[in-house]
$ cat run.cif   # mmCIF, C-alpha atoms
data_target
#
loop_
_atom_site.label_atom_id
_atom_site.label_comp_id
_atom_site.auth_asym_id
_atom_site.auth_seq_id
_atom_site.Cartn_x
_atom_site.Cartn_y
_atom_site.Cartn_z
CA MET A 1 -21.97 -37.77 -47.89
CA ILE A 2 -25.42 -37.33 -49.43
CA ASP A 3 -25.17 -36.92 -53.19
CA GLU A 4 -27.47 -34.43 -54.94
CA ALA A 5 -27.50 -36.43 -58.18
CA ALA A 6 -28.55 -39.56 -56.27
CA ILE A 7 -31.33 -37.59 -54.58
CA ALA A 8 -32.59 -36.40 -57.97
CA GLN A 9 -32.56 -39.97 -59.29
CA LEU A 10 -34.35 -41.27 -56.18
CA ILE A 11 -37.29 -38.88 -56.44
CA GLY A 12 -37.34 -38.70 -60.23
CA THR A 13 -39.56 -41.78 -60.48
CA VAL A 14 -42.32 -40.36 -58.25
CA ALA A 15 -45.55 -40.26 -60.26
CA THR A 16 -47.25 -36.91 -60.86
CA PRO A 17 -51.00 -36.22 -61.35
CA ASP A 18 -50.59 -35.74 -65.10
CA GLY A 19 -49.51 -39.38 -65.59
CA ALA A 20 -45.82 -38.55 -65.93
CA THR A 21 -43.02 -38.63 -63.33
CA ILE A 22 -41.00 -35.87 -61.71
CA ALA A 23 -38.12 -36.57 -64.09
CA SER A 24 -40.08 -37.04 -67.33
CA GLY A 25 -42.30 -34.03 -66.62
CA ASN A 26 -39.39 -31.67 -65.89
CA ARG A 27 -40.76 -31.06 -62.41
CA LEU A 28 -37.48 -30.91 -60.47
CA ALA A 29 -36.55 -27.24 -60.05
CA GLY A 30 -33.63 -27.76 -57.69
CA VAL A 31 -31.90 -29.93 -55.09
CA HIS A 32 -29.58 -28.72 -52.36
CA VAL A 33 -27.84 -30.73 -49.66
CA SER A 34 -26.31 -29.08 -46.61
CA GLY A 35 -24.93 -31.58 -44.13
CA ALA A 36 -27.87 -33.76 -43.07
CA THR A 37 -30.47 -31.37 -44.51
CA VAL A 38 -32.00 -31.91 -47.97
CA MET A 39 -34.01 -29.21 -49.74
CA VAL A 40 -35.99 -29.93 -52.90
CA ALA A 41 -38.05 -27.58 -55.09
CA LEU A 42 -40.70 -29.01 -57.41
CA SER A 43 -41.91 -26.92 -60.34
CA ILE A 44 -45.68 -26.66 -60.76
CA GLU A 45 -48.27 -24.28 -62.12
CA PRO A 46 -50.22 -22.34 -59.45
CA ALA A 47 -53.47 -24.17 -60.23
CA GLU A 48 -51.78 -27.54 -59.59
CA ALA A 49 -50.87 -26.88 -55.95
CA GLY A 50 -53.68 -28.98 -54.47
CA GLN A 51 -53.07 -31.93 -56.79
CA PHE A 52 -49.36 -32.02 -55.96
CA GLN A 53 -49.73 -32.38 -52.17
CA PRO A 54 -49.51 -36.22 -52.40
CA VAL A 55 -46.42 -35.88 -54.62
CA GLN A 56 -44.81 -33.59 -52.06
CA SER A 57 -45.57 -36.10 -49.29
CA GLU A 58 -44.14 -39.02 -51.27
CA VAL A 59 -40.92 -37.13 -52.00
CA GLU A 60 -40.59 -36.30 -48.30
CA ARG A 61 -41.16 -39.96 -47.39
CA ARG A 62 -38.46 -41.20 -49.76
CA LEU A 63 -35.94 -38.61 -48.64
CA LYS A 64 -36.47 -39.29 -44.93
CA ALA A 65 -35.64 -42.95 -45.59
CA VAL A 66 -32.18 -42.07 -46.95
CA PRO A 67 -29.42 -42.95 -44.44
CA GLY A 68 -27.87 -39.80 -42.97
CA VAL A 69 -30.77 -37.49 -43.81
CA GLU A 70 -32.12 -35.76 -40.70
CA LYS A 71 -34.20 -32.90 -42.10
CA VAL A 72 -36.17 -32.66 -45.33
CA PHE A 73 -37.78 -29.58 -46.89
CA VAL A 74 -39.84 -30.01 -50.06
CA THR A 75 -41.62 -27.02 -51.55
CA LEU A 76 -43.76 -26.40 -54.60
CA THR A 77 -42.75 -23.41 -56.70
CA ALA A 78 -43.85 -21.77 -59.92
CA GLU A 79 -40.24 -20.74 -60.56
CA ARG A 80 -37.90 -22.85 -62.71
CA ALA A 81 -34.16 -22.93 -63.13
CA LYS A 82 -32.83 -20.80 -65.96
CA GLY A 83 -33.15 -22.67 -69.25
CA ALA A 84 -35.30 -25.47 -67.81
CA ALA A 85 -38.29 -26.63 -69.79
CA ALA A 86 -41.79 -25.96 -68.51
CA PRO A 87 -43.74 -28.86 -66.96
CA ALA A 88 -45.04 -31.15 -69.67
CA THR A 89 -48.70 -30.30 -69.06
CA ALA A 90 -48.32 -26.65 -68.12
CA LYS A 91 -51.36 -24.54 -68.91
CA ALA A 92 -51.95 -20.83 -68.73
CA THR A 93 -53.54 -19.81 -65.44
CA ALA A 94 -54.99 -16.57 -64.21
CA THR A 95 -52.77 -14.48 -61.94
CA PRO A 96 -54.39 -13.82 -58.55
CA SER A 97 -55.06 -10.21 -57.60
CA GLY A 98 -52.61 -10.35 -54.72
CA PRO A 99 -50.61 -12.75 -52.55
CA PRO A 100 -52.69 -14.73 -50.05
CA PRO A 101 -52.37 -13.99 -46.34
CA VAL A 102 -49.89 -15.96 -44.24
CA PRO A 103 -51.60 -18.08 -41.56
CA GLY A 104 -50.83 -16.90 -38.05
CA ILE A 105 -49.70 -13.39 -39.05
CA LYS A 106 -51.80 -10.23 -39.13
CA ARG A 107 -49.31 -7.89 -40.82
CA ILE A 108 -45.85 -8.12 -42.39
CA ILE A 109 -43.28 -5.34 -42.71
CA ALA A 110 -40.11 -5.60 -44.80
CA VAL A 111 -36.91 -3.94 -43.59
CA ALA A 112 -34.74 -3.43 -46.65
CA SER A 113 -31.70 -1.62 -48.02
CA GLY A 114 -30.36 -0.98 -51.45
CA LYS A 115 -26.95 -2.34 -50.47
CA GLY A 116 -25.25 -4.34 -47.75
CA GLY A 117 -23.23 -3.00 -44.84
CA VAL A 118 -25.67 -0.32 -43.67
CA GLY A 119 -26.77 -2.12 -40.50
CA LYS A 120 -30.12 -3.33 -41.83
CA SER A 121 -30.19 -6.60 -39.86
CA THR A 122 -29.25 -4.96 -36.57
CA THR A 123 -31.94 -2.36 -37.21
CA ALA A 124 -34.55 -5.01 -38.06
CA ALA A 125 -33.80 -7.01 -34.90
CA ASN A 126 -33.97 -3.96 -32.64
CA LEU A 127 -37.17 -2.72 -34.29
CA ALA A 128 -38.82 -6.10 -33.76
CA LEU A 129 -37.80 -6.05 -30.09
CA ALA A 130 -38.98 -2.44 -29.72
CA MET A 131 -42.41 -3.39 -31.08
CA LEU A 132 -42.48 -6.41 -28.79
CA SER A 133 -41.87 -4.08 -25.83
CA GLN A 134 -45.04 -2.19 -26.79
CA GLY A 135 -47.18 -5.24 -26.09
CA LEU A 136 -47.40 -6.71 -29.59
CA ARG A 137 -46.83 -10.34 -30.56
CA VAL A 138 -43.90 -10.07 -32.96
CA GLY A 139 -41.83 -12.37 -35.16
CA LEU A 140 -38.57 -11.87 -37.06
CA LEU A 141 -37.88 -13.60 -40.39
CA ASP A 142 -34.31 -13.60 -41.68
CA ALA A 143 -34.81 -13.63 -45.45
CA ASP A 144 -31.13 -13.16 -46.31
CA ILE A 145 -30.43 -16.59 -47.79
CA TYR A 146 -26.78 -16.00 -48.65
CA GLY A 147 -25.80 -14.16 -45.48
CA PRO A 148 -28.16 -15.01 -42.59
CA SER A 149 -27.18 -12.97 -39.53
CA VAL A 150 -30.24 -13.19 -37.29
CA PRO A 151 -29.05 -16.35 -35.44
CA LYS A 152 -25.92 -14.45 -34.36
CA LEU A 153 -27.84 -11.25 -33.61
CA MET A 154 -30.39 -13.07 -31.45
CA GLY A 155 -27.90 -15.42 -29.82
CA VAL A 156 -29.66 -18.65 -30.87
CA THR A 157 -28.58 -21.69 -32.88
CA THR A 158 -31.51 -24.01 -32.08
CA LYS A 159 -32.83 -25.93 -35.07
CA PRO A 160 -36.60 -25.54 -35.58
CA GLU A 161 -38.77 -28.53 -34.72
CA LEU A 162 -41.39 -29.96 -37.03
CA VAL A 163 -45.07 -29.57 -36.10
CA ASP A 164 -47.68 -31.99 -37.48
CA GLY A 165 -44.98 -33.62 -39.56
CA LYS A 166 -44.60 -30.70 -41.96
CA ARG A 167 -44.62 -27.16 -40.60
CA MET A 168 -41.67 -25.78 -38.65
CA ARG A 169 -42.02 -24.28 -35.20
CA PRO A 170 -40.22 -20.90 -35.04
CA VAL A 171 -37.35 -20.54 -32.58
CA LYS A 172 -37.97 -18.35 -29.54
CA ALA A 173 -35.45 -15.60 -28.76
CA HIS A 174 -35.91 -12.69 -26.34
CA GLY A 175 -39.68 -13.12 -26.65
CA LEU A 176 -39.68 -13.04 -30.47
CA GLU A 177 -40.63 -15.87 -32.82
CA VAL A 178 -37.63 -16.19 -35.14
CA MET A 179 -36.97 -18.07 -38.38
CA SER A 180 -33.77 -18.13 -40.46
CA ILE A 181 -32.11 -20.35 -43.04
CA GLY A 182 -29.13 -20.11 -40.69
CA PHE A 183 -30.91 -22.50 -38.32
CA MET A 184 -31.10 -25.21 -40.98
CA VAL A 185 -27.72 -25.25 -42.74
CA GLU A 186 -24.16 -25.59 -41.54
CA PRO A 187 -22.70 -22.16 -40.59
CA GLU A 188 -19.63 -22.62 -42.80
CA ALA A 189 -21.50 -24.01 -45.80
CA PRO A 190 -21.75 -21.59 -48.75
CA LEU A 191 -25.22 -21.50 -50.29
CA ILE A 192 -24.68 -21.57 -54.03
CA TRP A 193 -28.31 -21.45 -55.11
CA ARG A 194 -30.14 -20.32 -58.20
CA GLY A 195 -33.49 -18.56 -58.26
CA PRO A 196 -35.82 -21.58 -57.82
CA MET A 197 -34.05 -22.78 -54.69
CA ILE A 198 -34.07 -19.29 -53.19
CA ASP A 199 -37.78 -18.97 -53.96
CA SER A 200 -38.41 -22.40 -52.46
CA ALA A 201 -36.53 -21.63 -49.24
CA LEU A 202 -38.21 -18.25 -48.78
CA THR A 203 -41.65 -19.77 -49.33
CA GLN A 204 -40.88 -22.51 -46.82
CA MET A 205 -39.64 -20.14 -44.12
CA LEU A 206 -42.65 -17.87 -44.52
CA ARG A 207 -45.62 -20.13 -45.27
CA GLU A 208 -44.64 -23.49 -43.80
CA VAL A 209 -44.00 -22.17 -40.30
CA ALA A 210 -46.41 -22.45 -37.37
CA TRP A 211 -46.51 -18.73 -36.54
CA ASP A 212 -48.50 -18.24 -33.33
CA ASN A 213 -51.04 -15.47 -34.03
CA LEU A 214 -48.51 -12.69 -34.53
CA ASP A 215 -49.60 -9.08 -34.68
CA LEU A 216 -46.56 -8.29 -36.77
CA LEU A 217 -43.76 -10.08 -38.62
CA ILE A 218 -40.59 -8.12 -39.37
CA VAL A 219 -38.78 -9.45 -42.44
CA ASP A 220 -35.06 -8.75 -42.63
CA MET A 221 -34.76 -8.55 -46.41
CA PRO A 222 -31.62 -9.45 -48.39
CA PRO A 223 -29.67 -6.37 -49.52
CA GLY A 224 -30.19 -5.14 -53.07
CA THR A 225 -33.03 -5.41 -55.59
CA GLY A 226 -32.59 -8.82 -57.20
CA ASP A 227 -34.65 -12.01 -57.54
CA ALA A 228 -35.01 -12.72 -53.83
CA GLN A 229 -36.22 -9.21 -53.09
CA LEU A 230 -38.76 -9.30 -55.92
CA THR A 231 -39.98 -12.74 -54.85
CA LEU A 232 -40.68 -11.46 -51.36
CA ALA A 233 -42.19 -8.17 -52.51
CA GLN A 234 -44.52 -9.82 -55.04
CA LYS A 235 -45.49 -13.00 -53.18
CA THR A 236 -45.82 -11.66 -49.64
CA PRO A 237 -48.78 -9.57 -48.45
CA LEU A 238 -46.63 -6.72 -47.18
CA ALA A 239 -48.26 -3.98 -45.11
CA GLY A 240 -45.27 -1.79 -45.91
CA ALA A 241 -41.52 -1.50 -46.30
CA ILE A 242 -38.85 0.38 -44.36
CA ILE A 243 -35.61 1.44 -46.04
CA VAL A 244 -32.39 1.59 -44.00
CA SER A 245 -29.54 3.76 -45.27
CA THR A 246 -26.44 5.48 -43.99
CA PRO A 247 -26.19 9.22 -44.70
CA GLN A 248 -23.53 9.22 -47.42
CA ASP A 249 -24.36 9.69 -51.09
CA LEU A 250 -23.14 6.23 -52.18
CA ALA A 251 -25.60 4.50 -49.84
CA LEU A 252 -28.44 6.86 -50.75
CA ILE A 253 -28.08 6.04 -54.45
CA ASP A 254 -28.88 2.40 -53.65
CA ALA A 255 -31.59 3.36 -51.14
CA ARG A 256 -33.43 5.14 -53.97
CA LYS A 257 -33.40 1.89 -55.95
CA GLY A 258 -34.92 0.03 -53.01
CA ILE A 259 -37.68 2.60 -52.65
CA ALA A 260 -38.38 2.48 -56.40
CA MET A 261 -38.60 -1.32 -56.37
CA PHE A 262 -41.28 -1.36 -53.67
CA GLN A 263 -43.19 1.43 -55.36
CA LYS A 264 -43.23 -0.49 -58.65
CA VAL A 265 -44.78 -3.54 -57.00
CA ASP A 266 -47.31 -1.40 -55.10
CA VAL A 267 -45.87 -1.95 -51.61
CA PRO A 268 -46.26 1.16 -49.40
CA VAL A 269 -42.93 2.65 -48.33
CA LEU A 270 -43.42 3.49 -44.66
CA GLY A 271 -40.25 5.56 -44.53
CA VAL A 272 -36.48 5.79 -44.29
CA ILE A 273 -34.21 5.24 -41.28
CA GLU A 274 -30.80 6.92 -41.19
CA ASN A 275 -28.43 4.42 -39.55
CA MET A 276 -24.93 5.34 -38.32
CA SER A 277 -26.28 8.87 -38.30
CA THR A 278 -23.54 10.43 -36.19
CA PHE A 279 -20.78 9.46 -33.78
CA LEU A 280 -19.87 10.99 -30.45
CA CYS A 281 -16.47 10.02 -29.08
CA PRO A 282 -17.09 8.25 -25.74
CA THR A 283 -13.81 9.63 -24.39
CA CYS A 284 -13.79 13.29 -25.39
CA GLY A 285 -17.38 13.85 -26.50
CA THR A 286 -16.36 15.20 -29.92
CA ARG A 287 -18.99 14.73 -32.61
CA CYS A 288 -17.80 13.13 -35.85
CA ASP A 289 -20.16 12.69 -38.78
CA ILE A 290 -18.16 9.79 -40.20
CA PHE A 291 -20.69 8.98 -42.92
CA GLY A 292 -22.18 12.45 -43.07
CA HIS A 293 -25.42 13.43 -41.34
CA GLY A 294 -28.97 14.13 -42.44
CA GLY A 295 -28.60 12.69 -45.93
CA ALA A 296 -31.36 10.10 -45.47
CA GLU A 297 -33.74 12.73 -44.08
CA ARG A 298 -33.12 15.00 -47.07
CA GLU A 299 -33.53 12.08 -49.47
CA ALA A 300 -36.81 11.04 -47.86
CA ALA A 301 -38.13 14.58 -48.20
CA ALA A 302 -37.04 14.75 -51.84
CA ILE A 303 -38.75 11.47 -52.72
CA GLY A 304 -41.82 12.20 -50.65
CA VAL A 305 -41.68 9.40 -48.07
CA PRO A 306 -41.57 9.77 -44.27
CA PHE A 307 -38.30 10.11 -42.40
CA LEU A 308 -38.57 7.70 -39.46
CA GLY A 309 -35.57 8.84 -37.45
CA GLY A 310 -31.85 8.31 -36.97
CA ILE A 311 -29.77 5.72 -35.13
CA PRO A 312 -26.23 6.63 -34.01
CA LEU A 313 -22.96 4.89 -34.82
CA HIS A 314 -21.86 3.54 -31.46
CA MET A 315 -19.72 0.68 -30.19
CA ALA A 316 -22.42 -0.42 -27.75
CA ILE A 317 -24.84 -1.17 -30.60
CA ARG A 318 -22.23 -3.31 -32.32
CA GLU A 319 -21.11 -5.05 -29.10
CA THR A 320 -24.61 -5.99 -27.99
CA ALA A 321 -25.48 -7.26 -31.47
CA ASP A 322 -22.35 -9.41 -31.58
CA ALA A 323 -23.21 -10.77 -28.14
CA GLY A 324 -26.67 -11.88 -29.27
CA ARG A 325 -28.47 -9.33 -27.07
CA PRO A 326 -29.46 -6.32 -29.20
CA SER A 327 -29.58 -2.89 -27.57
CA VAL A 328 -33.33 -2.95 -26.85
CA VAL A 329 -32.89 -5.97 -24.53
CA ALA A 330 -29.29 -5.37 -23.42
CA ASP A 331 -29.92 -1.80 -22.22
CA PRO A 332 -33.70 -1.23 -22.42
CA THR A 333 -33.57 2.19 -20.71
CA GLY A 334 -30.53 3.46 -22.63
CA PRO A 335 -30.50 6.08 -25.40
CA HIS A 336 -30.04 3.57 -28.20
CA ALA A 337 -33.03 1.50 -27.14
CA GLU A 338 -35.03 4.72 -26.93
CA ALA A 339 -34.03 5.61 -30.48
CA TYR A 340 -35.27 2.26 -31.77
CA ARG A 341 -38.50 2.57 -29.78
CA ALA A 342 -39.11 6.05 -31.20
CA VAL A 343 -38.75 4.70 -34.73
CA ALA A 344 -41.01 1.72 -33.91
CA ALA A 345 -43.68 4.05 -32.50
CA ARG A 346 -43.61 6.15 -35.65
CA VAL A 347 -43.95 3.06 -37.85
CA LEU A 348 -46.95 1.90 -35.83
CA ALA A 349 -48.43 5.38 -36.06
CA LEU A 350 -48.18 5.25 -39.84
CA LEU A 351 -49.84 1.82 -39.86
CA ASP A 352 -52.55 2.52 -37.34
CA GLY A 353 -53.19 6.24 -37.26
CA PRO A 354 -53.85 7.35 -33.69
CA ARG A 355 -52.62 4.09 -32.10
CA ALA A 356 -49.10 5.39 -31.36
CA PRO A 357 -47.52 8.84 -30.75
CA THR A 358 -46.93 10.82 -33.91
CA LYS A 359 -44.19 13.10 -32.61
CA ALA A 360 -41.49 14.27 -34.99
CA PRO A 361 -38.82 11.67 -35.79
CA THR A 362 -35.70 11.56 -33.66
CA ARG A 363 -32.76 13.76 -34.66
CA VAL A 364 -29.89 11.92 -33.05
CA ALA A 365 -27.69 13.75 -30.57
CA PHE A 366 -26.34 10.95 -28.38
CA GLY A 367 -23.41 10.90 -26.06
CA GLY A 368 -21.67 8.45 -23.78
CA GLY A 369 -22.68 4.79 -23.59
#
$ encode --input "run.cif" --output "C-alpha cells"
Amino acid sequence: MIDEAAIAQLIGTVATPDGATIASGNRLAGVHVSGATVMVALSIEPAEAGQFQPVQSEVERRLKAVPGVEKVFVTLTAERAKGAAAPATAKATATPSGPPPVPGIKRIIAVASGKGGVGKSTTAANLALAMLSQGLRVGLLDADIYGPSVPKLMGVTTKPELVDGKRMRPVKAHGLEVMSIGFMVEPEAPLIWRGPMIDSALTQMLREVAWDNLDLLIVDMPPGTGDAQLTLAQKTPLAGAIIVSTPQDLALIDARKGIAMFQKVDVPVLGVIENMSTFLCPTCGTRCDIFGHGGAEREAAAIGVPFLGGIPLHMAIRETADAGRPSVVADPTGPHAEAYRAVAARVLALLDGPRAPTKAPTRVAFGGG
C-alpha cells in the first residue's frame, strides 16, 4: 500500500526556485492516494506558475519511480489547506481580470443545482448529447468530486491515457469527449479531500486535458454552493450557467441560492430547467404531479431569468441512465429525447441569437414510454 506520509517525505526535498524545498517552503498543499493513483497539489502564487514547471516535472518523475504507482497527477494551485502557512517567499500579485480560456474549448456551460437529488447529472448528460445531435463538437466534464456519476451515466469505465507525457486524453462515449474523477479513482474509495485537493483535481480535469477543438463543454457541477462550486465559477471562463430544479418549494429554495451564486460572480444565468416536472402513469394514463408542477417556471419568472423547459418524471429516463445509454441516444426519436433537444435548442438560441429556434419552452405533457 502506498503511504501518503512517505510520498510527502519523498517529494519534500525537491528544490524550489526560491532556494528552499517543497517541505521547508510550505509548498505541499495536499497528497491523496487512491489505489495506484497518486495526486499531489503544490501551493504557489499565480506569478510563480512558469518557474514551478520544472518542480512539477521533478515531483512527477519521483512519484512514477515509486513501486506500485501507475498514475500520477501533480497540479499547481494558489489554494492552501486550512491553517497552512503561506509559501515562504509569497508576494502580493495582481488579480487577473478574468480566468484564461481553456485550450481546445470555445465555450463552457455549467449545469448546476442548489441541492442534490434533482436529476442534474442525468440532465447534463442528455443536454450534452442533444447538442451533439445538432452538429456541435461537445464534451462533458463531471466536476462532482465526491459523487461522480458520469461514468455510470455514459456506460464507460476506461481510464484516460496520457498525451505528451502530461495531459490526459478524454474518454469517448456516445460521440462525446468525457472526463471524470471517477475514471481515475477506485469506485468504492471515499474521497475525503479538503479544499486544495478539490481545487487541484478540478484544475487538472479542466486544463490538463487534450480537448479536441470543442464547440462546447458541458460541466456537470457538484450540488450546492460551496468551495468546489465557487472554484469552478471563479476560475473557469463560463459562457453561462443552467440551474436544474424540481418543482417543489424545498428544491426551489436551494435553486435560488445557486442562481444568486452565479450572479455574484458575474456568470450569466441562461435559465432554469424544471426536472421531474410531471408524471403520467404508463398503465392508466393518470397524471400525478408528484413534486408539484410549474414551480420552476414561476420561480424563473419571479427572479427574471429564462425558463428553459420541463423534463418529465419517467421510468424510461431512469432506466436508460442506469444502463449507460441516456434517453437522447437510447430513444432518439422519443418524447424524452425531444424534450432535451428542445431545451438544448433554447440554450443555443440564448447563446447565439438567431442560430437556433426561439420557440416557447416546452410545457411537458408526456404519456406512455
$ resolve_selection --input "run.cif" --expression "the PyMOL selection byres ((chain A and resi 123-136) around 6)" --output "PyMOL selection string"
chain A and resi 120-122+137-138+220+328+340-341+344
$ resolve_selection --input "run.cif" --expression "the PyMOL selection byres ((chain A and resi 323) around 9)" --output "ChimeraX atom specification"
/A:152-155,318-322,324-326
$ write_last_selection --input "run.cif" --atoms "C-alpha atoms" --output "short mmCIF file (atom, residue, chain, number, x, y, z; two decimals), in the frame of the given file"
data_model
loop_
_atom_site.label_atom_id
_atom_site.label_comp_id
_atom_site.auth_asym_id
_atom_site.auth_seq_id
_atom_site.Cartn_x
_atom_site.Cartn_y
_atom_site.Cartn_z
CA LYS A 152 -25.92 -14.45 -34.36
CA LEU A 153 -27.84 -11.25 -33.61
CA MET A 154 -30.39 -13.07 -31.45
CA GLY A 155 -27.90 -15.42 -29.82
CA ARG A 318 -22.23 -3.31 -32.32
CA GLU A 319 -21.11 -5.05 -29.10
CA THR A 320 -24.61 -5.99 -27.99
CA ALA A 321 -25.48 -7.26 -31.47
CA ASP A 322 -22.35 -9.41 -31.58
CA GLY A 324 -26.67 -11.88 -29.27
CA ARG A 325 -28.47 -9.33 -27.07
CA PRO A 326 -29.46 -6.32 -29.20
#
$ resolve_selection --input "run.cif" --expression "the PyMOL selection byres ((chain A and resi 159) around 12)" --output "PyMOL selection string"
chain A and resi 37+70-71+151+156-158+160-162+168-172+178-186
$ closest_residue --input "run.cif" --among "A:Val219, A:Met276, A:Leu76, A:Leu206" --to "A:Glu45" --atoms "all atoms listed in the file"
A:Leu76
$ residues_around --input "run.cif" --residues "A:Val265" --least-positions-apart "5" --cutoff "10 Å" --atoms "all atoms listed in the file" --output "list in words"
Leu230, Ala233, Gln234 and Ala260 of chain A
$ atom_distance --input "run.cif" --atom1 "atom CA of A:Gln263" --atom2 "atom CA of A:Gly240"
10.2 Å
$ closest_residue --input "run.cif" --among "A:Ile317, A:Val40, A:Ile145, A:Ala5" --to "A:Gly334" --atoms "all atoms listed in the file"
A:Ile317
$ atom_distance --input "run.cif" --atom1 "atom CA of A:Thr236" --atom2 "atom CA of A:Pro100"
7.5 Å
$ closest_residue --input "run.cif" --among "A:Thr231, A:Val163, A:Asp215, A:Ile109" --to "A:Pro268" --atoms "only C-alpha atoms"
A:Ile109
$ atom_distance --input "run.cif" --atom1 "atom CA of A:Leu63" --atom2 "atom CA of A:Ser200"
16.8 Å
$ residues_around --input "run.cif" --residues "stretch 53-62 of chain A" --least-positions-apart "6" --cutoff "9 Å" --atoms "all atoms listed in the file" --output "MDAnalysis selection string"
chainID A and resid 10:11 14:17 22 40 42 72:76
$ closest_residue --input "run.cif" --among "A:Gly12, A:Gly25, A:Pro99, A:Gly271" --to "A:Ser113" --atoms "all atoms listed in the file"
A:Gly271
$ closest_residue --input "run.cif" --among "A:Ile218, A:Val150, A:Ala112, A:Ala241" --to "A:Ala255" --atoms "only C-alpha atoms"
A:Ala112
$ closest_residue --input "run.cif" --among "A:Ala316, A:Ile259, A:Leu216, A:Leu232" --to "A:Ala143" --atoms "only C-alpha atoms"
A:Leu232
